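**Q** Data: structure23.cif, mmCIF, C-alpha atoms.
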```cif
data_query
loop_
_atom_site.label_atom_id
_atom_site.label_comp_id
_atom_site.auth_asym_id
_atom_site.auth_seq_id
_atom_site.Cartn_x
_atom_site.Cartn_y
_atom_site.Cartn_z
CA MET A 1 17.58 26.88 39.65
CA ALA A 2 15.91 26.93 43.05
CA GLY A 3 14.02 23.85 44.12
CA LEU A 4 16.23 21.59 42.08
CA LYS A 5 16.72 18.19 43.67
CA PRO A 6 20.09 16.51 43.04
CA THR A 7 18.27 13.66 41.31
CA ASP A 8 16.82 16.10 38.76
CA VAL A 9 20.20 17.04 37.31
CA LEU A 10 21.50 13.55 36.89
CA PRO A 11 20.72 11.90 33.59
CA GLY A 12 20.54 8.50 35.23
CA ARG A 13 17.05 8.63 36.74
CA GLY A 14 14.93 5.52 36.43
CA PRO A 15 16.65 2.49 34.95
CA ALA A 16 20.33 2.87 34.14
CA LEU A 17 21.26 4.35 30.77
CA GLY A 18 22.55 1.06 29.45
CA THR A 19 19.35 -0.76 30.42
CA ARG A 20 17.23 1.85 28.69
CA LEU A 21 19.39 1.65 25.60
CA PHE A 22 18.96 -2.10 25.55
CA LEU A 23 15.16 -1.92 26.01
CA LEU A 24 14.70 0.68 23.29
CA LEU A 25 17.06 -1.16 20.96
CA ALA A 26 14.99 -4.29 21.41
CA CYS A 27 11.79 -2.27 20.78
CA SER A 28 13.22 -0.73 17.58
CA ILE A 29 14.42 -4.01 16.19
CA LEU A 30 11.12 -5.72 16.99
CA LEU A 31 9.21 -2.89 15.28
CA MET A 32 11.44 -3.02 12.20
CA VAL A 33 11.19 -6.78 11.86
CA LEU A 34 7.40 -6.67 12.21
CA ASP A 35 7.14 -3.71 9.86
CA SER A 36 9.19 -5.33 7.13
CA ARG A 37 6.65 -8.17 7.07
CA GLU A 38 3.56 -6.75 5.43
CA ASP A 39 0.51 -6.06 7.52
CA TYR A 40 1.33 -6.52 11.19
CA LEU A 41 1.67 -2.84 12.01
CA GLN A 42 -1.19 -1.37 9.96
CA TYR A 43 -3.05 -0.30 13.09
CA ILE A 44 -0.04 1.42 14.67
CA HIS A 45 0.83 3.07 11.35
CA SER A 46 -2.62 4.58 10.94
CA LYS A 47 -2.62 5.85 14.54
CA LEU A 48 0.84 7.39 14.14
CA ASN A 49 -0.36 8.98 10.92
CA ILE A 50 -2.95 10.95 12.91
CA VAL A 51 -0.23 12.15 15.30
CA VAL A 52 2.02 13.52 12.55
CA TYR A 53 -0.80 14.82 10.33
CA PRO A 54 -0.62 18.37 11.84
CA ILE A 55 3.06 18.55 10.85
CA GLN A 56 2.26 17.47 7.29
CA ALA A 57 -0.60 19.95 7.12
CA ALA A 58 1.63 22.74 8.46
CA VAL A 59 4.19 22.08 5.73
CA ASP A 60 1.56 21.83 3.02
CA LEU A 61 -0.34 24.94 4.12
CA PRO A 62 1.89 27.68 2.59
CA PHE A 63 1.90 25.85 -0.76
CA ALA A 64 -1.86 25.35 -0.70
CA LEU A 65 -2.22 29.01 0.25
CA ALA A 66 0.05 30.15 -2.60
CA ASP A 67 -2.06 28.05 -4.97
CA TRP A 68 -5.23 29.64 -3.69
CA VAL A 69 -3.81 33.16 -3.87
CA SER A 70 -2.58 32.70 -7.43
CA THR A 71 -5.98 31.45 -8.55
CA SER A 72 -7.87 34.22 -6.80
CA LEU A 73 -5.54 36.88 -8.17
CA ALA A 74 -5.49 35.52 -11.72
CA SER A 75 -6.62 38.14 -14.17
CA ARG A 76 -9.94 37.91 -15.97
CA ARG A 77 -8.20 37.51 -19.30
CA GLN A 78 -6.14 34.58 -18.01
CA LEU A 79 -9.24 32.91 -16.67
CA LEU A 80 -11.11 33.41 -19.93
CA ALA A 81 -8.22 31.97 -21.92
CA GLU A 82 -7.97 28.99 -19.57
CA ASN A 83 -11.71 28.51 -19.77
CA ARG A 84 -11.62 28.50 -23.58
CA ASP A 85 -8.78 25.98 -23.63
CA LEU A 86 -10.59 23.72 -21.21
CA ARG A 87 -13.78 23.94 -23.27
CA ARG A 88 -11.89 22.84 -26.39
CA GLN A 89 -10.23 20.04 -24.50
CA GLN A 90 -13.62 18.96 -23.18
CA LEU A 91 -15.03 18.92 -26.70
CA ARG A 92 -12.17 16.78 -27.90
CA SER A 93 -12.53 14.32 -25.01
CA ASP A 94 -16.29 14.22 -25.54
CA ALA A 95 -15.76 13.29 -29.17
CA SER A 96 -13.41 10.45 -28.28
CA VAL A 97 -15.76 9.29 -25.53
CA GLN A 98 -18.59 9.02 -28.10
CA LYS A 99 -16.53 6.54 -30.06
CA MET A 100 -15.62 4.79 -26.83
CA ILE A 101 -19.30 4.30 -25.99
CA ALA A 102 -19.87 2.50 -29.28
CA ILE A 103 -16.75 0.40 -28.78
CA GLU A 104 -17.73 -0.44 -25.22
CA ALA A 105 -21.17 -1.60 -26.36
CA GLU A 106 -19.60 -3.70 -29.04
CA ASN A 107 -17.13 -5.11 -26.55
CA ALA A 108 -19.98 -5.99 -24.15
CA ARG A 109 -21.84 -7.79 -26.97
CA LEU A 110 -18.75 -9.74 -27.97
CA ARG A 111 -18.06 -10.65 -24.38
CA ALA A 112 -21.67 -11.79 -24.00
CA LEU A 113 -21.19 -13.96 -27.10
CA MET A 114 -18.06 -15.44 -25.58
CA ASP A 115 -19.84 -15.87 -22.28
CA THR A 116 -17.37 -13.88 -20.20
CA ALA A 117 -18.18 -11.20 -17.64
CA ALA A 118 -18.47 -7.69 -19.02
CA LEU A 119 -15.77 -5.21 -18.00
CA MET A 120 -17.07 -2.80 -15.45
CA THR A 121 -16.11 0.84 -15.38
CA ASP A 122 -14.02 1.94 -12.41
CA ARG A 123 -15.09 4.60 -9.95
CA THR A 124 -12.63 7.38 -9.25
CA MET A 125 -12.05 10.23 -6.84
CA VAL A 126 -9.75 13.22 -7.21
CA THR A 127 -7.02 13.60 -4.62
CA GLU A 128 -4.32 16.20 -4.19
CA ILE A 129 -0.65 15.63 -3.49
CA MET A 130 0.60 17.35 -0.34
CA ALA A 131 3.74 19.44 -0.80
CA ILE A 132 5.96 17.26 1.33
CA ASP A 133 9.39 15.77 0.74
CA LEU A 134 9.72 12.22 1.97
CA ASN A 135 12.55 9.76 2.17
CA PRO A 136 14.97 10.86 -0.60
CA TYR A 137 15.98 7.25 -1.30
CA ARG A 138 12.47 6.05 -2.11
CA ARG A 139 9.82 7.27 -4.54
CA LEU A 140 6.94 8.20 -2.28
CA LEU A 141 4.20 10.83 -2.25
CA THR A 142 1.72 11.93 0.36
CA ILE A 143 -1.89 12.49 -0.71
CA ASN A 144 -4.63 14.25 1.20
CA LYS A 145 -7.11 11.35 1.23
CA GLY A 146 -7.21 8.39 3.57
CA SER A 147 -9.45 5.74 5.04
CA SER A 148 -12.05 8.39 5.96
CA ALA A 149 -12.57 8.93 2.21
CA GLY A 150 -12.89 5.18 1.65
CA ALA A 151 -9.36 4.62 0.36
CA TYR A 152 -7.66 1.33 1.14
CA ARG A 153 -4.13 -0.05 1.25
CA GLY A 154 -2.90 -1.16 -2.16
CA GLN A 155 -5.37 1.08 -3.99
CA ALA A 156 -4.24 2.17 -7.46
CA LEU A 157 -3.76 5.81 -8.45
CA VAL A 158 -3.67 7.28 -11.95
CA ASP A 159 -3.14 10.71 -13.44
CA ALA A 160 -4.45 11.93 -16.80
CA PHE A 161 -1.93 9.76 -18.69
CA GLY A 162 -1.48 6.51 -16.82
CA ILE A 163 -0.80 4.55 -13.66
CA VAL A 164 1.05 6.50 -10.97
CA GLY A 165 1.33 4.10 -8.05
CA GLN A 166 -0.47 2.49 -5.16
CA ILE A 167 -1.26 3.40 -1.56
CA SER A 168 1.45 1.89 0.62
CA ASP A 169 0.57 3.37 3.99
CA LEU A 170 -2.98 4.34 4.85
CA GLY A 171 -3.91 6.98 7.41
CA PRO A 172 -7.33 8.42 8.16
CA LEU A 173 -6.71 11.82 6.51
CA SER A 174 -3.56 11.34 4.48
CA SER A 175 -1.82 8.37 2.88
CA GLN A 176 1.53 7.51 1.42
CA VAL A 177 1.72 6.49 -2.21
CA LEU A 178 4.44 4.22 -3.57
CA LEU A 179 5.21 5.34 -7.14
CA ILE A 180 5.75 2.84 -9.94
CA SER A 181 9.25 4.32 -10.33
CA ASP A 182 10.27 3.22 -6.81
CA PRO A 183 13.04 0.59 -6.96
CA GLU A 184 10.93 -1.68 -4.74
CA HIS A 185 7.85 -1.47 -6.95
CA ALA A 186 6.79 -3.74 -9.80
CA VAL A 187 3.68 -3.58 -12.03
CA PRO A 188 2.32 -6.58 -13.93
CA VAL A 189 1.93 -5.28 -17.50
CA GLU A 190 1.12 -6.54 -20.96
CA VAL A 191 2.10 -5.20 -24.35
CA ASN A 192 -0.99 -3.55 -25.79
CA ARG A 193 -0.14 -4.66 -29.34
CA ASN A 194 0.09 -8.42 -28.76
CA GLY A 195 -0.82 -9.15 -25.13
CA LEU A 196 2.70 -10.25 -24.19
CA ARG A 197 2.78 -10.28 -20.40
CA THR A 198 5.72 -9.17 -18.27
CA ILE A 199 6.61 -7.08 -15.24
CA ALA A 200 7.75 -3.45 -15.14
CA VAL A 201 10.08 -2.68 -12.25
CA GLY A 202 10.89 0.82 -10.99
CA THR A 203 14.46 2.08 -11.07
CA GLY A 204 14.34 5.11 -8.80
CA ASP A 205 14.42 7.35 -11.87
CA ALA A 206 11.04 8.94 -12.66
CA GLN A 207 11.65 8.54 -16.41
CA ILE A 208 12.72 4.89 -16.56
CA LEU A 209 11.00 1.57 -15.84
CA ASN A 210 12.92 -1.65 -16.33
CA LEU A 211 11.48 -4.80 -17.94
CA PRO A 212 13.93 -7.42 -16.69
CA PHE A 213 12.12 -10.64 -17.61
CA LEU A 214 11.86 -10.48 -21.40
CA PRO A 215 13.82 -13.13 -23.30
CA ASN A 216 15.98 -12.05 -26.24
CA ASN A 217 13.45 -13.30 -28.77
CA ALA A 218 10.41 -11.64 -27.19
CA ASP A 219 8.14 -9.81 -29.60
CA ILE A 220 8.63 -6.29 -28.33
CA ARG A 221 9.37 -3.14 -30.31
CA LEU A 222 10.26 0.45 -29.66
CA GLY A 223 7.13 2.50 -29.05
CA ASP A 224 5.07 -0.41 -27.74
CA LEU A 225 2.52 0.71 -25.18
CA LEU A 226 2.49 -1.26 -21.93
CA VAL A 227 -0.85 -1.44 -20.10
CA THR A 228 -1.72 -3.00 -16.76
CA SER A 229 -2.59 -6.65 -17.18
CA GLY A 230 -4.75 -6.86 -14.07
CA LEU A 231 -2.75 -9.83 -12.81
CA GLY A 232 -1.70 -9.58 -9.19
CA GLY A 233 -4.98 -7.97 -8.29
CA VAL A 234 -3.63 -4.54 -7.32
CA PHE A 235 -3.96 -2.59 -10.53
CA PRO A 236 -7.16 -2.81 -12.60
CA ALA A 237 -6.53 -4.01 -16.15
CA GLY A 238 -6.14 -1.75 -19.16
CA TYR A 239 -4.53 1.41 -17.82
CA PRO A 240 -1.46 2.72 -19.67
CA VAL A 241 1.77 2.26 -17.72
CA ALA A 242 4.70 3.08 -19.99
CA GLU A 243 6.05 3.20 -23.51
CA VAL A 244 9.05 1.09 -24.53
CA ASN A 245 11.90 3.41 -25.49
CA GLN A 246 15.00 1.26 -25.35
CA ILE A 247 15.74 -2.33 -26.36
CA GLU A 248 19.21 -3.85 -26.24
CA VAL A 249 19.64 -7.47 -27.20
CA ASN A 250 22.89 -9.07 -26.14
CA PRO A 251 23.02 -12.74 -27.22
CA SER A 252 25.35 -13.62 -24.33
CA GLN A 253 22.66 -12.60 -21.82
CA PRO A 254 19.53 -14.70 -21.21
CA PHE A 255 17.27 -11.64 -21.10
CA ALA A 256 16.99 -8.56 -23.25
CA HIS A 257 17.62 -5.18 -21.67
CA VAL A 258 14.36 -3.29 -22.15
CA GLU A 259 13.47 0.10 -20.72
CA ALA A 260 10.22 2.03 -20.86
CA ALA A 261 9.20 5.60 -20.03
CA PRO A 262 6.22 5.90 -17.65
CA ALA A 263 3.11 7.33 -19.30
CA ALA A 264 2.13 9.24 -16.14
CA GLU A 265 3.99 12.45 -15.36
CA LEU A 266 5.42 11.10 -12.14
CA ASP A 267 7.41 14.16 -11.16
CA LYS A 268 4.99 16.87 -12.26
CA VAL A 269 1.53 15.85 -11.07
CA ARG A 270 -0.35 17.77 -8.44
CA GLU A 271 -3.71 15.98 -8.67
CA LEU A 272 -4.35 12.26 -8.94
CA LEU A 273 -7.32 9.93 -9.28
CA LEU A 274 -7.97 7.15 -6.80
CA ILE A 275 -9.50 4.11 -8.49
CA TRP A 276 -12.04 1.68 -7.14
CA PRO A 277 -12.02 -1.17 -9.66
CA GLY A 278 -15.42 -2.27 -10.82
CA GLY A 279 -17.17 0.53 -8.97
CA VAL A 280 -17.35 -1.25 -5.62
CA GLN A 281 -17.28 1.99 -3.74
CA ASP A 282 -19.18 5.15 -4.49
CA ARG A 283 -18.17 8.39 -2.80
CA MET B 1 7.74 26.38 41.44
CA LYS B 2 9.21 24.02 38.88
CA PRO B 3 12.10 25.82 37.21
CA VAL B 4 13.45 22.70 35.51
CA TYR B 5 10.32 22.25 33.42
CA ARG B 6 10.61 25.67 31.89
CA PHE B 7 12.38 24.50 28.75
CA ASP B 8 10.24 21.47 28.02
CA GLY B 9 7.91 23.47 25.77
CA PHE B 10 10.91 25.03 24.11
CA ILE B 11 12.55 21.66 23.44
CA PHE B 12 9.28 20.33 22.07
CA ALA B 13 8.80 23.35 19.77
CA SER B 14 12.35 23.03 18.41
CA LEU B 15 11.81 19.33 17.68
CA ILE B 16 8.57 20.06 15.83
CA ALA B 17 10.43 22.71 13.82
CA GLY B 18 13.10 20.11 13.06
CA LEU B 19 10.50 17.66 11.79
CA ILE B 20 8.90 20.35 9.64
CA LEU B 21 12.29 21.22 8.13
CA THR B 22 12.79 17.54 7.37
CA ILE B 23 9.77 17.29 5.09
CA VAL B 24 9.61 20.82 3.66
CA PRO B 25 10.10 20.58 -0.13
CA LEU B 26 13.50 21.81 -1.31
CA PRO B 27 14.79 22.34 -4.86
CA ASP B 28 16.40 19.16 -6.19
CA ALA B 29 19.81 20.81 -6.36
CA ILE B 30 20.11 21.21 -2.59
CA ASN B 31 17.76 18.44 -1.47
CA ALA B 32 20.59 15.94 -1.04
CA TRP B 33 22.34 18.45 1.21
CA ARG B 34 19.40 18.76 3.58
CA PRO B 35 20.94 18.56 7.08
CA ALA B 36 19.74 15.85 9.44
CA TRP B 37 17.80 18.38 11.53
CA PRO B 38 16.27 15.97 14.05
CA ALA B 39 19.68 14.38 14.65
CA MET B 40 21.22 17.81 15.28
CA LEU B 41 18.44 18.76 17.70
CA VAL B 42 18.63 15.45 19.55
CA LEU B 43 22.39 15.95 19.89
CA TYR B 44 21.95 19.54 21.05
CA TRP B 45 19.43 18.70 23.74
CA THR B 46 21.25 15.62 25.00
CA LEU B 47 24.36 17.79 25.16
CA HIS B 48 22.85 20.76 26.97
CA LYS B 49 19.76 19.46 28.76
CA PRO B 50 20.55 15.80 29.44
CA GLU B 51 18.36 15.95 32.55
CA ARG B 52 15.30 16.86 30.47
CA PHE B 53 15.88 15.06 27.21
CA GLY B 54 17.21 11.55 26.96
CA LEU B 55 16.94 8.25 25.15
CA LEU B 56 13.17 7.98 25.20
CA GLY B 57 12.82 11.52 23.77
CA ALA B 58 15.25 10.67 20.97
CA TRP B 59 13.40 7.43 20.29
CA LEU B 60 10.02 9.16 20.03
CA VAL B 61 11.45 11.77 17.65
CA GLY B 62 12.72 8.86 15.58
CA ILE B 63 9.30 7.21 15.48
CA ALA B 64 7.80 10.51 14.29
CA MET B 65 10.53 10.68 11.61
CA ASP B 66 9.78 7.14 10.47
CA THR B 67 6.10 7.90 10.13
CA LEU B 68 6.70 11.19 8.33
CA THR B 69 9.26 9.94 5.85
CA GLY B 70 7.78 6.50 5.25
CA THR B 71 10.79 4.48 6.37
CA LEU B 72 10.67 1.23 8.30
CA LEU B 73 9.09 1.91 11.69
CA GLY B 74 11.96 1.98 14.18
CA GLN B 75 14.75 2.81 11.75
CA HIS B 76 15.28 6.48 12.59
CA ALA B 77 14.25 5.70 16.18
CA LEU B 78 17.13 3.27 16.50
CA ALA B 79 19.68 5.58 14.88
CA LEU B 80 18.66 8.66 16.92
CA MET B 81 18.59 6.69 20.14
CA VAL B 82 22.07 5.29 19.61
CA ILE B 83 23.65 8.69 18.90
CA ALA B 84 21.76 10.12 21.89
CA PHE B 85 23.30 7.35 24.00
CA ILE B 86 26.83 8.04 22.80
CA ASN B 87 26.28 11.74 23.32
CA LEU B 88 24.93 11.23 26.85
CA LYS B 89 28.01 9.20 27.69
CA LEU B 90 30.31 11.91 26.35
CA HIS B 91 28.31 15.09 26.92
CA LEU B 92 30.46 16.42 29.78
CA ARG B 93 33.50 16.25 27.54
CA ILE B 94 31.95 17.40 24.26
CA ARG B 95 30.30 20.36 26.00
CA VAL B 96 33.67 21.90 26.89
CA PHE B 97 35.35 21.19 23.57
CA PRO B 98 36.50 24.21 21.55
CA LYS B 99 33.87 25.17 18.98
CA GLY B 100 35.58 23.66 15.95
CA GLN B 101 36.33 20.43 17.73
CA GLN B 102 32.72 20.22 18.89
CA ALA B 103 31.54 20.49 15.29
CA LEU B 104 33.91 17.64 14.44
CA ALA B 105 32.47 15.49 17.23
CA ILE B 106 28.99 16.23 15.86
CA LEU B 107 30.20 15.24 12.39
CA MET B 108 31.27 11.85 13.75
CA LEU B 109 27.95 11.35 15.57
CA VAL B 110 25.85 12.29 12.53
CA LEU B 111 28.05 9.92 10.53
CA VAL B 112 27.15 7.14 12.98
CA TYR B 113 23.49 8.11 12.58
CA GLU B 114 23.60 8.01 8.78
CA PHE B 115 25.55 4.77 8.89
CA LEU B 116 22.90 3.11 11.06
CA LEU B 117 20.17 4.23 8.64
CA PHE B 118 22.25 2.93 5.74
CA TRP B 119 22.84 -0.35 7.55
CA VAL B 120 19.18 -0.95 8.30
CA ASP B 121 18.29 -0.14 4.68
CA GLY B 122 20.85 -2.69 3.56
CA VAL B 123 19.63 -5.40 5.95
CA ALA B 124 16.00 -4.76 5.01
CA GLY B 125 16.91 -5.17 1.35
CA PHE B 126 16.18 -1.64 0.18
CA THR B 127 18.33 -0.21 -2.54
CA THR B 128 20.99 1.95 -0.97
CA SER B 129 22.01 4.85 -3.13
CA GLY B 130 25.51 6.20 -3.54
CA ILE B 131 27.45 9.19 -2.33
CA ALA B 132 24.40 11.50 -1.95
CA ARG B 133 23.52 9.59 1.18
CA TRP B 134 26.50 10.99 3.10
CA LEU B 135 26.12 14.66 2.16
CA PRO B 136 23.85 15.44 5.17
CA VAL B 137 26.76 14.51 7.45
CA LEU B 138 28.81 17.40 6.05
CA SER B 139 25.98 19.91 5.98
CA SER B 140 24.90 19.04 9.52
CA ALA B 141 28.41 19.53 10.85
CA ALA B 142 28.80 22.78 8.90
CA LEU B 143 25.53 24.14 10.31
CA TRP B 144 26.13 22.92 13.85
CA LEU B 145 27.69 26.11 15.22
CA PRO B 146 25.05 28.51 13.77
CA VAL B 147 22.22 26.24 14.95
CA ALA B 148 23.73 25.88 18.42
CA ALA B 149 24.18 29.65 18.66
CA LEU B 150 20.57 30.19 17.53
CA LEU B 151 19.17 27.73 20.05
CA LYS B 152 21.30 29.22 22.82
CA GLY B 153 20.14 32.74 21.95
CA ALA B 154 16.53 31.60 21.90
CA MET B 155 16.99 29.93 25.30
CA VAL B 156 18.45 33.10 26.77
CA LEU B 157 15.44 35.02 25.49
CA ALA B 158 13.08 32.37 26.91
CA ARG B 159 14.81 32.59 30.28
CA ARG B 160 14.40 36.40 30.39
CA ALA B 161 10.73 36.24 29.45
#
```
What does the file become when written as structure tokens?
**A**
Amino acid sequence: MAGLKPTDVLPGRGPALGTRLFLLLACSILLMVLDSREDYLQYIHSKLNIVVYPIQAAVDLPFALADWVSTSLASRRQLLAENRDLRRQQLRSDASVQKMIAIEAENARLRALMDTAALMTDRTMVTEIMAIDLNPYRRLLTINKGSSAGAYRGQALVDAFGIVGQISDLGPLSSQVLLISDPEHAVPVEVNRNGLRTIAVGTGDAQILNLPFLPNNADIRLGDLLVTSGLGGVFPAGYPVAEVNQIEVNPSQPFAHVEAAPAAELDKVRELLLIWPGGVQDR
Amino acid sequence: MKPVYRFDGFIFASLIAGLILTIVPLPDAINAWRPAWPAMLVLYWTLHKPERFGLLGAWLVGIAMDTLTGTLLGQHALALMVIAFINLKLHLRIRVFPKGQQALAILMLVLVYEFLLFWVDGVAGFTTSGIARWLPVLSSAALWLPVAALLKGAMVLARRA
């Protein structure tokens, strides 16, 4: 340890330890207070996201590589079988889309008759989930698209079956997604059968959403499909959210206890669709 | 010649490794037991290299943690900084503790760390889950001796190179 000055070995260089503790404590508390209030720290968040992106990419890399290897080493027979399945699936979706086209045209005519704006189709983009574990007490995901792909904070994401969540923290190359099953998340929904509006709140369990604001006499049944109502402005209207699978009415309570199972496969998905409502953005 | 700076790269690399281990996907069965790697590393370096790694280092690691895990910005920073402070105050004593006792001291410090995280979550109004929250305290303390031995061995190798 030649060339070591006595001041180098002492921890107390610069301001005293207590002073530094106090300064950093003040910094942390200020940051947390600002961060808990919506948008103040968006800029800092997106800059920090760039700094930690290499770490996220490093963690995701082996999984992405394994994916790539398994697809490149898949046997010809497997590929053919998969291809055939996909072709059938495509045919089936095509058939249902044909009907949809007719219904959409009819819908547009009816809306024109009623003098309301026609529903626009939403633009989408495929994004992949990065293989990263986040805060175990929240329901969050990291996706590999960010502001450089035109994504924005609060943007809705769906999978093949329904609404998955919204972007809660936007970075340039990756973003964090808050799932609808997060205990802090709520989706404005309506019952597809009768248009009854309510709110579906996450519980932390990927299989259960809670509908806390339905009175005991609300017209809701087992198996009812809940779709986004479009209220609140975050989620575009008409996407499936969940299916009611439990109703308990207790006359001594003001509200019924209603639970629903999310339509999206929240804990299985690997690819998601970002949605731009009304096709504002085209990428 | 600047011999004191020799371990800076090593400290940095270990912290990056700690952050990677924090977000690497684990099977659900052992996920709750995931040790608080960054807390262990911060404690190790404040214990053994207090002249090179201090409060600001711990705070920056915490900010990286907050960004990576999507918590409130400043939450992990606060918790890591506070345990680094306690450790810096006590490092001369903890360093000469017998091995088992040292692991116990680490258990207490990681407990303080988890408690601060828990506290901030509570104040911020996030749902705080049950017993699973405290499992990392046990696993961190249990892994302290192997991790310390590993880091020491790696440092000896780095010194020879």
**Q** Could you please select, counting all atoms listed in the file, the residues of chain A within 8 Å of chain B and state them as an MDAnalysis selection string?
**A** chainID A and resid 1:4 8:11 17 20:21 24:25 27:29 31:32 35:36 45 48:49 52 55:56 58:59 131:137 140 169 176 183:184
**Q** In terms of the shortest atom-to-atom distance over only C-alpha atoms, which of A:Asp224, A:Glu259, A:Glu190, A:Asp182 is closest to Ile208 in chain A?
**A**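 Selected residue with least distance to Ile208 in chain A: A:Glu259.
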**Q** For the atom pair CA of Thr203 in chain A and CA of Leu231 in chain A, what is the interatomic distance in Å to one decimal place?
**A**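 Between these atoms lies a distance of 21.0 Å.
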**Q** So that I can see what lies close to Arg95 in chain B, please list as a ChimeraX atom specification the residues with an atom at most 8 Å from it, counting all atoms listed in the file and leaving out residues fewer than 5 positions away in the same chain.
**A** /B:47-48,102
**Q** Which polymer residues, protein or nucleic acid, are no farther than 12 Å from (29.2, 18.1, 18.8), counting only C-alpha atoms, as a PyMOL selection string?
**A** chain B and resi 39-48+83-84+86-88+90-111+140-145+147-148
**Q** Evaluate the PyMOL selection byres ((chain A and resi 229) around 8) against this structure - the residues, as JSON, numbers by chain, please.
**A** {"A": [188, 189, 190, 197, 227, 228, 230, 231, 235, 236, 237, 238]}
**Q** Can I get the selected residues back with C-alpha atoms, as an mmCIF file, keeping the file's coordinate frame?
**A**
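Contents of result.cif, freshly written:
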```
data_model
loop_
_atom_site.group_PDB
_atom_site.id
_atom_site.type_symbol
_atom_site.label_atom_id
_atom_site.label_comp_id
_atom_site.auth_asym_id
_atom_site.auth_seq_id
_atom_site.Cartn_x
_atom_site.Cartn_y
_atom_site.Cartn_z
ATOM 1 C CA PRO A 188 2.320 -6.580 -13.930
ATOM 2 C CA VAL A 189 1.930 -5.280 -17.500
ATOM 3 C CA GLU A 190 1.120 -6.540 -20.960
ATOM 4 C CA ARG A 197 2.780 -10.280 -20.400
ATOM 5 C CA VAL A 227 -0.850 -1.440 -20.100
ATOM 6 C CA THR A 228 -1.720 -3.000 -16.760
ATOM 7 C CA GLY A 230 -4.750 -6.860 -14.070
ATOM 8 C CA LEU A 231 -2.750 -9.830 -12.810
ATOM 9 C CA PHE A 235 -3.960 -2.590 -10.530
ATOM 10 C CA PRO A 236 -7.160 -2.810 -12.600
ATOM 11 C CA ALA A 237 -6.530 -4.010 -16.150
ATOM 12 C CA GLY A 238 -6.140 -1.750 -19.160
#
```
**Q** To one decimal in Å, tell me the separation between CA of Ala261 in chain A and CA of Val187 in chain A.
**A**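 So the answer is 13.4 Å.
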**Q** List every protein, DNA or RNA residue that has at least one atom no more than 7 Å from (10.6, 4.1, -26.3) in the file's coordinates, counting all atoms listed in the file, and write the result as an mmCIF file with C-alpha atoms, keeping the file's coordinate frame.
**A**
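The resulting point02.cif:
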```
data_model
loop_
_atom_site.group_PDB
_atom_site.id
_atom_site.type_symbol
_atom_site.label_atom_id
_atom_site.label_comp_id
_atom_site.auth_asym_id
_atom_site.auth_seq_id
_atom_site.Cartn_x
_atom_site.Cartn_y
_atom_site.Cartn_z
ATOM 1 C CA LEU A 222 10.260 0.450 -29.660
ATOM 2 C CA GLY A 223 7.130 2.500 -29.050
ATOM 3 C CA GLU A 243 6.050 3.200 -23.510
ATOM 4 C CA VAL A 244 9.050 1.090 -24.530
ATOM 5 C CA ASN A 245 11.900 3.410 -25.490
ATOM 6 C CA GLN A 246 15.000 1.260 -25.350
ATOM 7 C CA ALA A 260 10.220 2.030 -20.860
ATOM 8 C CA ALA A 261 9.200 5.600 -20.030
#
```
**Q** To box range 132-150 of chain B, take all atoms listed in the file, fit an axis-aligned box, add 3 Å on each side, and give centre and edge lengths in Å to one decimal, as lines of an AutoDock Vina configuration file.
**A**
```
center_x = 24.7
center_y = 19.9
center_z = 8.4
size_x = 14.2
size_y = 26.6
size_z = 26.6
```
**Q** If you count all atoms listed in the file, which residues fall within 6 Å of Val241 in chain A, apart from same-chain ones fewer than 2 positions away, as a PDB file with C-alpha atoms, keeping the file's coordinate frame?
**A**
```
ATOM      1  CA  GLY A 162      -1.480   6.510 -16.820  1.00  0.00           C
ATOM      2  CA  ILE A 163      -0.800   4.550 -13.660  1.00  0.00           C
ATOM      3  CA  LEU A 226       2.490  -1.260 -21.930  1.00  0.00           C
ATOM      4  CA  VAL A 227      -0.850  -1.440 -20.100  1.00  0.00           C
ATOM      5  CA  PRO A 262       6.220   5.900 -17.650  1.00  0.00           C
ATOM      6  CA  ALA A 263       3.110   7.330 -19.300  1.00  0.00           C
TER       7      ALA A 263
END
```
**Q** Can you measure CA of Ser168 in chain A to CA of Gln155 in chain A for me? One decimal in Å is fine.
**A**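 These atoms are spaced 8.3 Å apart.
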**Q** Taking only C-alpha atoms into account, name the residue in B:Pro27, B:Asp8, B:Trp33, B:Ser14 that is nearest to Ile131 in chain B.
**A** B:Trp33
